[in-house]
$ cat structure.tsv   # TSV, C-alpha atoms
chain	number	residue	atom	x	y	z
A	1	MET	CA	-8.93	14.43	-285.43
A	2	ILE	CA	-7.87	12.78	-282.14
A	3	LYS	CA	-5.03	15.27	-281.75
A	4	LYS	CA	-7.45	18.18	-282.21
A	5	ILE	CA	-9.83	16.79	-279.57
A	6	VAL	CA	-6.99	16.24	-277.09
A	7	LEU	CA	-5.65	19.73	-277.71
A	8	SER	CA	-9.08	21.26	-277.22
A	9	ILE	CA	-9.50	19.45	-273.90
A	10	CYS	CA	-6.03	20.43	-272.72
A	11	LEU	CA	-6.49	24.07	-273.67
A	12	CYS	CA	-9.37	24.25	-271.20
A	13	PHE	CA	-6.78	23.92	-268.44
A	14	SER	CA	-4.72	26.89	-269.60
A	15	ASN	CA	-6.37	29.37	-267.25
A	16	LEU	CA	-6.00	27.20	-264.16
A	17	VAL	CA	-3.24	27.79	-261.61
A	18	PHE	CA	-0.80	24.92	-261.16
A	19	ALA	CA	1.99	24.44	-258.65
A	20	LYS	CA	5.29	25.17	-260.35
A	21	ASP	CA	8.09	22.87	-259.16
A	22	ILE	CA	11.60	23.08	-260.57
A	23	ALA	CA	14.91	21.27	-260.13
A	24	LEU	CA	18.28	22.78	-261.02
A	25	SER	CA	20.73	20.92	-263.24
A	26	PHE	CA	24.18	22.04	-264.35
A	27	ASP	CA	26.13	20.75	-267.35
A	28	ASP	CA	29.77	20.31	-268.31
A	29	GLY	CA	31.97	21.51	-265.44
A	30	LEU	CA	35.20	23.48	-265.96
A	31	ASN	CA	38.84	22.57	-266.55
A	32	PRO	CA	41.12	24.30	-264.01
A	33	GLU	CA	44.07	23.88	-266.38
A	34	ASN	CA	42.61	26.39	-268.83
A	35	ASN	CA	40.25	28.30	-266.53
A	36	LEU	CA	41.94	29.75	-263.47
A	37	ASP	CA	38.53	30.54	-261.96
A	38	ALA	CA	37.20	26.98	-262.25
A	39	LEU	CA	37.48	26.14	-258.55
A	40	GLN	CA	36.02	29.48	-257.44
A	41	ILE	CA	33.09	29.23	-259.86
A	42	ASN	CA	32.32	25.71	-258.70
A	43	ASN	CA	32.57	26.65	-255.03
A	44	ASP	CA	30.43	29.76	-255.44
A	45	ILE	CA	27.62	27.78	-257.07
A	46	LEU	CA	27.77	25.12	-254.36
A	47	LYS	CA	27.77	27.78	-251.63
A	48	VAL	CA	24.57	29.38	-252.93
A	49	LEU	CA	22.88	25.99	-253.24
A	50	LYS	CA	23.84	25.16	-249.65
A	51	VAL	CA	22.62	28.48	-248.26
A	52	ASN	CA	19.28	28.00	-250.02
A	53	ASN	CA	19.02	24.32	-249.06
A	54	ILE	CA	18.70	23.26	-252.69
A	55	SER	CA	19.88	19.88	-253.93
A	56	ALA	CA	20.89	19.91	-257.61
A	57	ILE	CA	22.39	17.56	-260.18
A	58	VAL	CA	25.50	18.15	-262.28
A	59	TYR	CA	26.25	16.43	-265.59
A	60	PRO	CA	30.01	16.67	-266.24
A	61	SER	CA	31.82	15.78	-269.45
A	62	VAL	CA	35.28	14.27	-269.11
A	63	SER	CA	36.78	16.57	-271.74
A	64	LYS	CA	35.22	19.65	-270.14
A	65	ILE	CA	36.78	19.10	-266.69
A	66	GLY	CA	40.23	17.94	-267.83
A	67	GLY	CA	42.35	15.72	-265.59
A	68	LYS	CA	42.46	14.74	-261.94
A	69	GLN	CA	42.21	18.29	-260.59
A	70	GLY	CA	39.02	18.89	-262.56
A	71	LEU	CA	37.61	15.57	-261.37
A	72	ASP	CA	38.37	16.54	-257.77
A	73	ILE	CA	36.47	19.79	-258.27
A	74	ILE	CA	33.40	18.11	-259.75
A	75	SER	CA	33.54	15.46	-257.01
A	76	GLU	CA	32.73	18.16	-254.47
A	77	TRP	CA	29.13	18.13	-255.74
A	78	GLY	CA	28.67	14.59	-254.49
A	79	ARG	CA	30.45	15.28	-251.23
A	80	GLN	CA	27.98	18.09	-250.55
A	81	GLY	CA	24.96	15.88	-251.17
A	82	HIS	CA	24.21	16.68	-254.80
A	83	ARG	CA	23.78	14.19	-257.62
A	84	ILE	CA	26.35	13.58	-260.36
A	85	GLY	CA	25.28	12.20	-263.73
A	86	ASN	CA	27.01	11.30	-266.99
A	87	HIS	CA	27.45	13.77	-269.88
A	88	GLY	CA	29.89	11.63	-271.84
A	89	ASN	CA	33.52	12.22	-272.67
A	90	LEU	CA	33.97	14.45	-275.73
A	91	HIS	CA	30.59	16.22	-275.65
A	92	LEU	CA	29.59	14.72	-279.01
A	93	ASN	CA	26.57	15.80	-281.01
A	94	LEU	CA	24.66	12.62	-281.92
A	95	ASN	CA	22.78	14.46	-284.67
A	96	LYS	CA	25.96	15.10	-286.64
A	97	ASP	CA	26.50	12.78	-289.60
A	98	ASP	CA	30.21	12.40	-288.82
A	99	VAL	CA	29.49	11.14	-285.28
A	100	THR	CA	29.14	7.39	-285.65
A	101	LEU	CA	27.00	5.23	-283.41
A	102	ASN	CA	29.97	3.15	-282.29
A	103	ASP	CA	32.05	6.21	-281.38
A	104	TYR	CA	29.13	7.64	-279.44
A	105	LEU	CA	28.54	4.46	-277.45
A	106	VAL	CA	32.25	4.33	-276.56
A	107	ASP	CA	32.04	7.98	-275.48
A	108	MET	CA	29.09	7.24	-273.17
A	109	GLU	CA	30.95	4.33	-271.63
A	110	GLN	CA	34.04	6.49	-271.05
A	111	GLY	CA	31.88	8.97	-269.17
A	112	HIS	CA	30.40	6.17	-267.10
A	113	GLN	CA	33.82	4.78	-266.22
A	114	THR	CA	35.03	8.22	-265.11
A	115	PHE	CA	32.08	9.30	-263.00
A	116	SER	CA	30.37	6.15	-261.74
A	117	SER	CA	32.72	5.74	-258.76
A	118	LEU	CA	32.08	9.25	-257.45
A	119	GLN	CA	30.01	9.86	-254.34
A	120	GLY	CA	26.55	11.03	-255.38
A	121	PHE	CA	26.69	9.41	-258.82
A	122	VAL	CA	23.37	8.33	-260.30
A	123	PRO	CA	23.05	6.52	-263.65
A	124	ARG	CA	21.43	9.38	-265.53
A	125	TYR	CA	22.67	10.40	-268.96
A	126	ARG	CA	22.27	13.84	-270.47
A	127	PHE	CA	22.74	14.07	-274.21
A	128	PRO	CA	25.23	16.80	-275.18
A	129	PHE	CA	23.43	19.62	-276.96
A	130	LEU	CA	20.23	17.66	-276.07
A	131	LYS	CA	20.64	15.85	-279.40
A	132	GLU	CA	19.40	12.24	-279.29
A	133	GLY	CA	20.06	11.05	-282.83
A	134	ASN	CA	19.32	11.97	-286.43
A	135	THR	CA	18.62	8.38	-287.53
A	136	VAL	CA	16.43	5.61	-286.18
A	137	GLU	CA	19.49	3.41	-285.67
A	138	LYS	CA	21.32	6.01	-283.57
A	139	ARG	CA	18.26	6.97	-281.55
A	140	ASP	CA	17.12	3.45	-280.75
A	141	SER	CA	20.59	1.95	-280.24
A	142	VAL	CA	21.53	4.58	-277.68
A	143	ARG	CA	18.22	4.07	-275.91
A	144	GLU	CA	18.99	0.34	-275.84
A	145	TRP	CA	22.42	1.06	-274.29
A	146	LEU	CA	20.77	3.19	-271.62
A	147	SER	CA	18.24	0.49	-270.81
A	148	THR	CA	20.84	-2.30	-270.76
A	149	ASN	CA	23.07	-0.29	-268.43
A	150	LYS	CA	20.10	0.60	-266.20
A	151	TYR	CA	20.37	4.31	-266.93
A	152	GLN	CA	17.51	6.69	-266.25
A	153	SER	CA	16.50	9.91	-267.93
A	154	GLY	CA	18.68	12.98	-267.68
A	155	ALA	CA	16.32	15.05	-269.81
A	156	VAL	CA	15.35	18.67	-269.29
A	157	SER	CA	11.96	20.33	-269.56
A	158	ILE	CA	13.28	23.90	-269.64
A	159	ASP	CA	16.12	24.71	-272.04
A	160	ALA	CA	17.98	27.98	-271.49
A	161	SER	CA	20.73	29.70	-273.47
A	162	ASP	CA	22.78	30.65	-270.42
A	163	TRP	CA	25.96	30.02	-272.41
A	164	TYR	CA	25.21	33.04	-274.62
A	165	TYR	CA	24.59	35.33	-271.66
A	166	ASN	CA	27.78	33.98	-270.09
A	167	GLN	CA	29.74	35.13	-273.13
A	168	LEU	CA	28.44	38.66	-272.61
A	169	PHE	CA	29.10	38.42	-268.88
A	170	LEU	CA	32.75	37.49	-269.45
A	171	LYS	CA	33.15	40.21	-272.09
A	172	TYR	CA	31.86	42.94	-269.79
A	173	LYS	CA	33.93	41.64	-266.88
A	174	LYS	CA	37.08	41.72	-269.00
A	175	GLU	CA	36.31	45.28	-270.08
A	176	ASN	CA	35.45	46.33	-266.49
A	177	ASP	CA	32.12	47.51	-267.89
A	178	GLN	CA	30.03	47.61	-264.72
A	179	GLU	CA	27.27	49.62	-266.38
A	180	SER	CA	26.65	46.86	-268.91
A	181	LEU	CA	26.87	44.19	-266.21
A	182	ASP	CA	24.20	46.02	-264.22
A	183	LYS	CA	21.93	45.86	-267.29
A	184	LEU	CA	22.81	42.28	-268.15
A	185	LYS	CA	21.82	40.92	-264.76
A	186	PRO	CA	18.08	41.71	-264.91
A	187	ALA	CA	18.06	40.81	-268.62
A	188	TYR	CA	19.48	37.37	-267.84
A	189	ILE	CA	17.07	36.70	-265.01
A	190	ALA	CA	14.14	37.87	-267.15
A	191	HIS	CA	15.34	35.52	-269.89
A	192	LEU	CA	15.39	32.52	-267.55
A	193	LEU	CA	11.97	33.31	-266.12
A	194	ASP	CA	10.57	33.78	-269.62
A	195	ARG	CA	11.96	30.40	-270.72
A	196	ALA	CA	10.48	28.72	-267.66
A	197	GLU	CA	7.05	30.25	-268.17
A	198	TYR	CA	7.12	29.42	-271.88
A	199	TYR	CA	7.84	25.72	-271.39
A	200	ASP	CA	5.42	25.50	-268.48
A	201	GLY	CA	2.77	26.97	-270.75
A	202	VAL	CA	3.60	24.37	-273.42
A	203	ALA	CA	3.08	21.65	-270.81
A	204	VAL	CA	-0.24	23.03	-269.56
A	205	ASN	CA	-1.57	23.49	-273.10
A	206	THR	CA	-0.64	19.97	-274.18
A	207	LEU	CA	-0.66	17.79	-271.07
A	208	GLY	CA	-3.14	19.83	-269.07
A	209	ARG	CA	-0.78	20.21	-266.12
A	210	SER	CA	2.48	21.71	-264.93
A	211	PRO	CA	5.07	18.93	-264.59
A	212	LYS	CA	8.00	18.79	-262.24
A	213	HIS	CA	10.49	20.78	-264.26
A	214	VAL	CA	14.24	20.36	-264.75
A	215	LEU	CA	16.07	23.55	-265.78
A	216	LEU	CA	19.24	23.35	-267.87
A	217	LEU	CA	22.10	25.59	-266.71
A	218	HIS	CA	25.88	25.27	-266.94
A	219	VAL	CA	28.76	25.51	-264.50
A	220	ARG	CA	29.73	28.99	-265.66
A	221	ALA	CA	30.80	32.33	-264.20
A	222	ILE	CA	27.45	34.03	-264.75
A	223	ASN	CA	25.63	31.47	-262.63
A	224	ALA	CA	28.29	31.60	-259.92
A	225	ALA	CA	27.79	35.36	-259.74
A	226	TRP	CA	23.99	35.59	-259.96
A	227	LEU	CA	22.56	32.25	-258.83
A	228	GLU	CA	21.29	33.73	-255.57
A	229	ASP	CA	19.34	36.36	-257.50
A	230	ILE	CA	18.04	33.73	-259.91
A	231	ILE	CA	16.73	31.60	-257.05
A	232	ASN	CA	15.11	34.59	-255.34
A	233	SER	CA	13.44	35.71	-258.56
A	234	PHE	CA	12.01	32.26	-259.26
A	235	ASN	CA	10.69	32.07	-255.70
A	236	GLN	CA	9.05	35.46	-256.09
A	237	GLN	CA	7.32	34.24	-259.26
A	238	GLY	CA	5.80	31.28	-257.41
A	239	TRP	CA	8.31	28.57	-258.29
A	240	THR	CA	9.30	25.96	-255.69
A	241	PHE	CA	12.71	24.30	-255.87
A	242	ILE	CA	12.82	20.52	-255.59
A	243	ASN	CA	15.63	17.99	-255.95
A	244	SER	CA	16.34	16.11	-259.15
A	245	ASP	CA	15.28	12.73	-257.75
A	246	THR	CA	11.81	14.13	-257.09
A	247	ALA	CA	11.62	15.89	-260.45
A	248	TYR	CA	12.57	12.82	-262.45
A	249	GLN	CA	9.75	10.84	-260.88
A	250	ASP	CA	7.41	12.81	-263.13
A	251	SER	CA	6.03	10.60	-265.89
A	252	ILE	CA	7.10	13.01	-268.67
A	253	TYR	CA	10.69	11.81	-268.25
A	254	GLN	CA	9.65	8.27	-269.15
A	255	ILE	CA	8.39	9.38	-272.55
A	256	GLN	CA	10.58	8.48	-275.53
A	257	PRO	CA	9.19	10.34	-278.53
A	258	GLN	CA	9.64	8.68	-281.91
A	259	THR	CA	10.52	11.99	-283.56
A	260	LEU	CA	13.51	12.53	-285.84
A	261	PRO	CA	15.85	14.18	-285.31
A	262	ALA	CA	15.37	13.21	-281.68
A	263	GLY	CA	16.05	15.33	-278.64
A	264	GLU	CA	15.67	18.86	-277.29
A	265	SER	CA	13.55	19.70	-274.25
A	266	VAL	CA	11.19	16.83	-273.52
A	267	LEU	CA	8.31	19.33	-273.59
A	268	TRP	CA	9.39	20.62	-277.00
A	269	SER	CA	9.30	17.04	-278.31
A	270	ILE	CA	5.90	16.41	-276.74
A	271	ALA	CA	4.55	19.60	-278.29
A	272	GLN	CA	5.69	18.38	-281.70
A	273	ILE	CA	3.74	15.17	-281.18
A	274	TYR	CA	0.63	17.18	-280.30
A	275	GLY	CA	1.10	19.25	-283.43
A	276	VAL	CA	1.62	22.58	-281.65
A	277	LYS	CA	2.42	25.26	-284.22
A	278	ASN	CA	4.95	28.08	-284.08
A	279	LEU	CA	7.15	26.48	-281.43
A	280	ARG	CA	10.22	28.44	-280.50
A	281	TYR	CA	13.39	27.06	-282.01
A	282	PRO	CA	14.76	24.98	-279.12
A	283	ALA	CA	18.37	26.16	-279.32
A	284	GLU	CA	17.52	29.85	-278.98
A	285	ASP	CA	20.66	31.92	-278.82
A	286	ALA	CA	22.02	35.24	-279.99
A	287	PRO	CA	19.42	36.38	-282.58
A	288	TYR	CA	16.52	35.49	-280.28
A	289	GLU	CA	17.94	37.41	-277.35
A	290	TYR	CA	18.49	40.79	-279.02
A	291	PRO	CA	15.00	42.14	-278.20
A	292	ASN	CA	15.31	41.12	-274.54
A	293	LEU	CA	18.78	42.65	-274.23
A	294	LYS	CA	17.64	45.84	-275.94
A	295	LYS	CA	14.72	46.11	-273.52
A	296	PHE	CA	17.26	46.35	-270.70
A	297	GLY	CA	19.43	48.90	-272.48
A	298	LEU	CA	21.98	46.62	-274.14
A	299	ASP	CA	22.08	47.29	-277.86
A	300	ILE	CA	23.96	44.23	-279.11
A	301	GLU	CA	25.08	44.18	-282.72
A	302	PRO	CA	23.81	41.15	-284.72

$ encode --input "structure.tsv" --output "structure tokens"
Amino acid sequence: MIKKIVLSICLCFSNLVFAKDIALSFDDGLNPENNLDALQINNDILKVLKVNNISAIVYPSVSKIGGKQGLDIISEWGRQGHRIGNHGNLHLNLNKDDVTLNDYLVDMEQGHQTFSSLQGFVPRYRFPFLKEGNTVEKRDSVREWLSTNKYQSGAVSIDASDWYYNQLFLKYKKENDQESLDKLKPAYIAHLLDRAEYYDGVAVNTLGRSPKHVLLLHVRAINAAWLEDIINSFNQQGWTFINSDTAYQDSIYQIQPQTLPAGESVLWSIAQIYGVKNLRYPAEDAPYEYPNLKKFGLDIEP
């Protein structure tokens, strides 16, 4: 009954106009030993951020960036005034039964040891795959590690399947298919804007306000190529870019839902607590994107 009353009150705010603030975050990084474009992709993203005076945060994984050369590349984020967090070592999925708590805690510590000495490092941890544990022991023990080591939230409010669009981007680039690339670009930007509006709507309809958002992207070729257009499109839709320090001051990032399995976008978890029905599956990927791609003239086979 209480949930219904709260939801009814919050729904009254749905027609109000709220300021829409958003911070950019980038996961993983790239290994120059197996990706010859790693340095160029990294530099192109940083160049666009600099031109637009946007401060972002990157969450690298040790295994994703490789050895010293990869670490040097990711270090450039800190040298240019951005934040660097911890995304662990092996990019483990804490919700998998074969990932033990002990192995996961060691993995987190390995990430900390690798990145904590870098300029711009902040003790923020982002769970790989946004999975925070499929048992109470895993969930609460990792949260205890974070608290003991004075780590802060590295959560996201807006999840986005940029990795799937990046696969298509690389495919069309390899095939020199400029026609498909020209269709993919507006489809990708529309996808990101749609995700942002969806999660913002979830926030307004549950919390009664638009929080300071954190958008999940990855250090990938598609974002190096089209980040300028992404930023411009968000600005045109009334979004204001803020830095991650400011975004994480929002109280939503202090919430630790007692849901199981734990994780996903913090707003998705909050919506579950409020009993919101028909939530989008958080890890939307290929099947969910077919209608959007088709709308822009890309008929992708399931």

$ closest_residue --input "structure.tsv" --among "A:Phe115, A:Phe234, A:Tyr198, A:Tyr281" --to "Leu71 of chain A" --atoms "all atoms listed in the file"
A:Phe115

$ closest_residue --input "structure.tsv" --among "A:Ala224, A:Leu94, A:Ala38, A:Val106" --to "Gly133 of chain A" --atoms "all atoms listed in the file"
A:Leu94

$ closest_residue --input "structure.tsv" --among "A:Lys212, A:Arg280, A:Lys47, A:Lys185" --to "Leu298 of chain A" --atoms "only C-alpha atoms"
A:Lys185

$ atom_distance --input "structure.tsv" --atom1 "atom CA of Arg220 of chain A" --atom2 "atom CA of Tyr172 of chain A"
14.7 Å

$ axis_aligned_box --input "structure.tsv" --around "segment 219-223 of chain A" --padding-each-side "5 Å" --output "lines of an AutoDock Vina configuration file"
center_x = 28.2
center_y = 29.8
center_z = -264.1
size_x = 15.2
size_y = 18.5
size_z = 13.0

$ atom_distance --input "structure.tsv" --atom1 "atom CA of Gly70 of chain A" --atom2 "atom CA of Gly154 of chain A"
21.8 Å

$ closest_residue --input "structure.tsv" --among "A:Ala225, A:Val156, A:Ala56, A:Leu170" --to "Gly120 of chain A" --atoms "only C-alpha atoms"
A:Ala56

$ decode --input "structure.tsv" --residues "segment 272-283 of chain A" --atoms "all heavy atoms" --output "CSV table (one decimal), in the first residue's frame"
chain,number,residue,atom,x,y,z
A,272,GLN,N,12.9,-1.4,-9.5
A,272,GLN,CA,12.4,-2.7,-9.0
A,272,GLN,C,11.9,-2.6,-7.6
A,272,GLN,O,10.9,-3.2,-7.2
A,272,GLN,CB,13.6,-3.7,-9.0
A,272,GLN,CG,13.9,-4.3,-10.4
A,272,GLN,CD,14.8,-5.5,-10.3
A,272,GLN,OE1,15.8,-5.5,-9.6
A,272,GLN,NE2,14.4,-6.6,-10.9
A,273,ILE,N,12.6,-1.8,-6.8
A,273,ILE,CA,12.1,-1.6,-5.4
A,273,ILE,C,10.8,-1.0,-5.3
A,273,ILE,O,9.9,-1.3,-4.5
A,273,ILE,CB,13.2,-0.8,-4.6
A,273,ILE,CG1,14.5,-1.5,-4.5
A,273,ILE,CG2,12.6,-0.4,-3.2
A,273,ILE,CD1,15.6,-0.7,-3.9
A,274,TYR,N,10.5,0.0,-6.2
A,274,TYR,CA,9.2,0.6,-6.3
A,274,TYR,C,8.1,-0.2,-7.0
A,274,TYR,O,7.0,0.2,-7.0
A,274,TYR,CB,9.4,2.0,-7.1
A,274,TYR,CG,9.8,3.1,-6.2
A,274,TYR,CD1,11.2,3.4,-6.1
A,274,TYR,CD2,8.9,4.0,-5.6
A,274,TYR,CE1,11.6,4.5,-5.3
A,274,TYR,CE2,9.3,5.0,-4.8
A,274,TYR,CZ,10.7,5.3,-4.7
A,274,TYR,OH,11.1,6.4,-3.9
A,275,GLY,N,8.5,-1.3,-7.5
A,275,GLY,CA,7.6,-2.2,-8.1
A,275,GLY,C,7.1,-1.8,-9.5
A,275,GLY,O,6.0,-2.2,-9.9
A,276,VAL,N,7.9,-1.1,-10.2
A,276,VAL,CA,7.6,-0.6,-11.6
A,276,VAL,C,7.5,-1.9,-12.5
A,276,VAL,O,8.4,-2.7,-12.5
A,276,VAL,CB,8.7,0.4,-12.1
A,276,VAL,CG1,8.4,0.7,-13.6
A,276,VAL,CG2,8.7,1.6,-11.2
A,277,LYS,N,6.5,-2.0,-13.2
A,277,LYS,CA,6.2,-3.1,-14.1
A,277,LYS,C,6.8,-2.9,-15.5
A,277,LYS,O,7.0,-1.7,-15.9
A,277,LYS,CB,4.8,-3.4,-14.2
A,277,LYS,CG,4.1,-3.7,-12.8
A,277,LYS,CD,4.7,-4.9,-12.2
A,277,LYS,CE,3.9,-5.2,-10.9
A,277,LYS,NZ,4.5,-6.4,-10.1
A,278,ASN,N,7.0,-3.9,-16.2
A,278,ASN,CA,7.4,-3.9,-17.6
A,278,ASN,C,8.7,-3.1,-17.8
A,278,ASN,O,8.8,-2.4,-18.8
A,278,ASN,CB,6.3,-3.3,-18.5
A,278,ASN,CG,5.1,-4.1,-18.4
A,278,ASN,OD1,5.1,-5.4,-18.4
A,278,ASN,ND2,3.9,-3.5,-18.3
A,279,LEU,N,9.7,-3.2,-16.9
A,279,LEU,CA,11.0,-2.6,-17.1
A,279,LEU,C,11.7,-3.2,-18.3
A,279,LEU,O,11.6,-4.4,-18.5
A,279,LEU,CB,11.8,-2.7,-15.9
A,279,LEU,CG,11.6,-1.8,-14.7
A,279,LEU,CD1,12.4,-2.3,-13.5
A,279,LEU,CD2,11.9,-0.4,-15.0
A,280,ARG,N,12.4,-2.4,-19.0
A,280,ARG,CA,13.3,-2.9,-20.1
A,280,ARG,C,14.3,-3.9,-19.4
A,280,ARG,O,14.8,-3.6,-18.3
A,280,ARG,CB,14.0,-1.8,-20.8
A,280,ARG,CG,13.2,-1.0,-21.7
A,280,ARG,CD,14.0,0.0,-22.4
A,280,ARG,NE,13.3,0.9,-23.4
A,280,ARG,CZ,13.9,1.8,-24.1
A,280,ARG,NH1,15.2,2.1,-23.9
A,280,ARG,NH2,13.2,2.5,-24.9
A,281,TYR,N,14.6,-4.9,-20.2
A,281,TYR,CA,15.7,-5.8,-19.7
A,281,TYR,C,17.0,-4.9,-19.7
A,281,TYR,O,17.3,-4.2,-20.7
A,281,TYR,CB,15.9,-7.0,-20.7
A,281,TYR,CG,17.1,-7.8,-20.3
A,281,TYR,CD1,17.1,-8.5,-19.1
A,281,TYR,CD2,18.1,-8.0,-21.2
A,281,TYR,CE1,18.2,-9.3,-18.8
A,281,TYR,CE2,19.2,-8.8,-20.9
A,281,TYR,CZ,19.2,-9.5,-19.7
A,281,TYR,OH,20.3,-10.3,-19.4
A,282,PRO,N,17.7,-4.9,-18.6
A,282,PRO,CA,18.8,-3.9,-18.5
A,282,PRO,C,19.9,-4.1,-19.5
A,282,PRO,O,20.5,-3.1,-20.0
A,282,PRO,CB,19.4,-4.1,-17.1
A,282,PRO,CG,18.9,-5.5,-16.7
A,282,PRO,CD,17.6,-5.7,-17.4
A,283,ALA,N,20.2,-5.3,-19.9
A,283,ALA,CA,21.3,-5.6,-20.8
A,283,ALA,C,20.8,-5.7,-22.2
A,283,ALA,O,21.1,-6.6,-23.0
A,283,ALA,CB,22.1,-6.8,-20.4
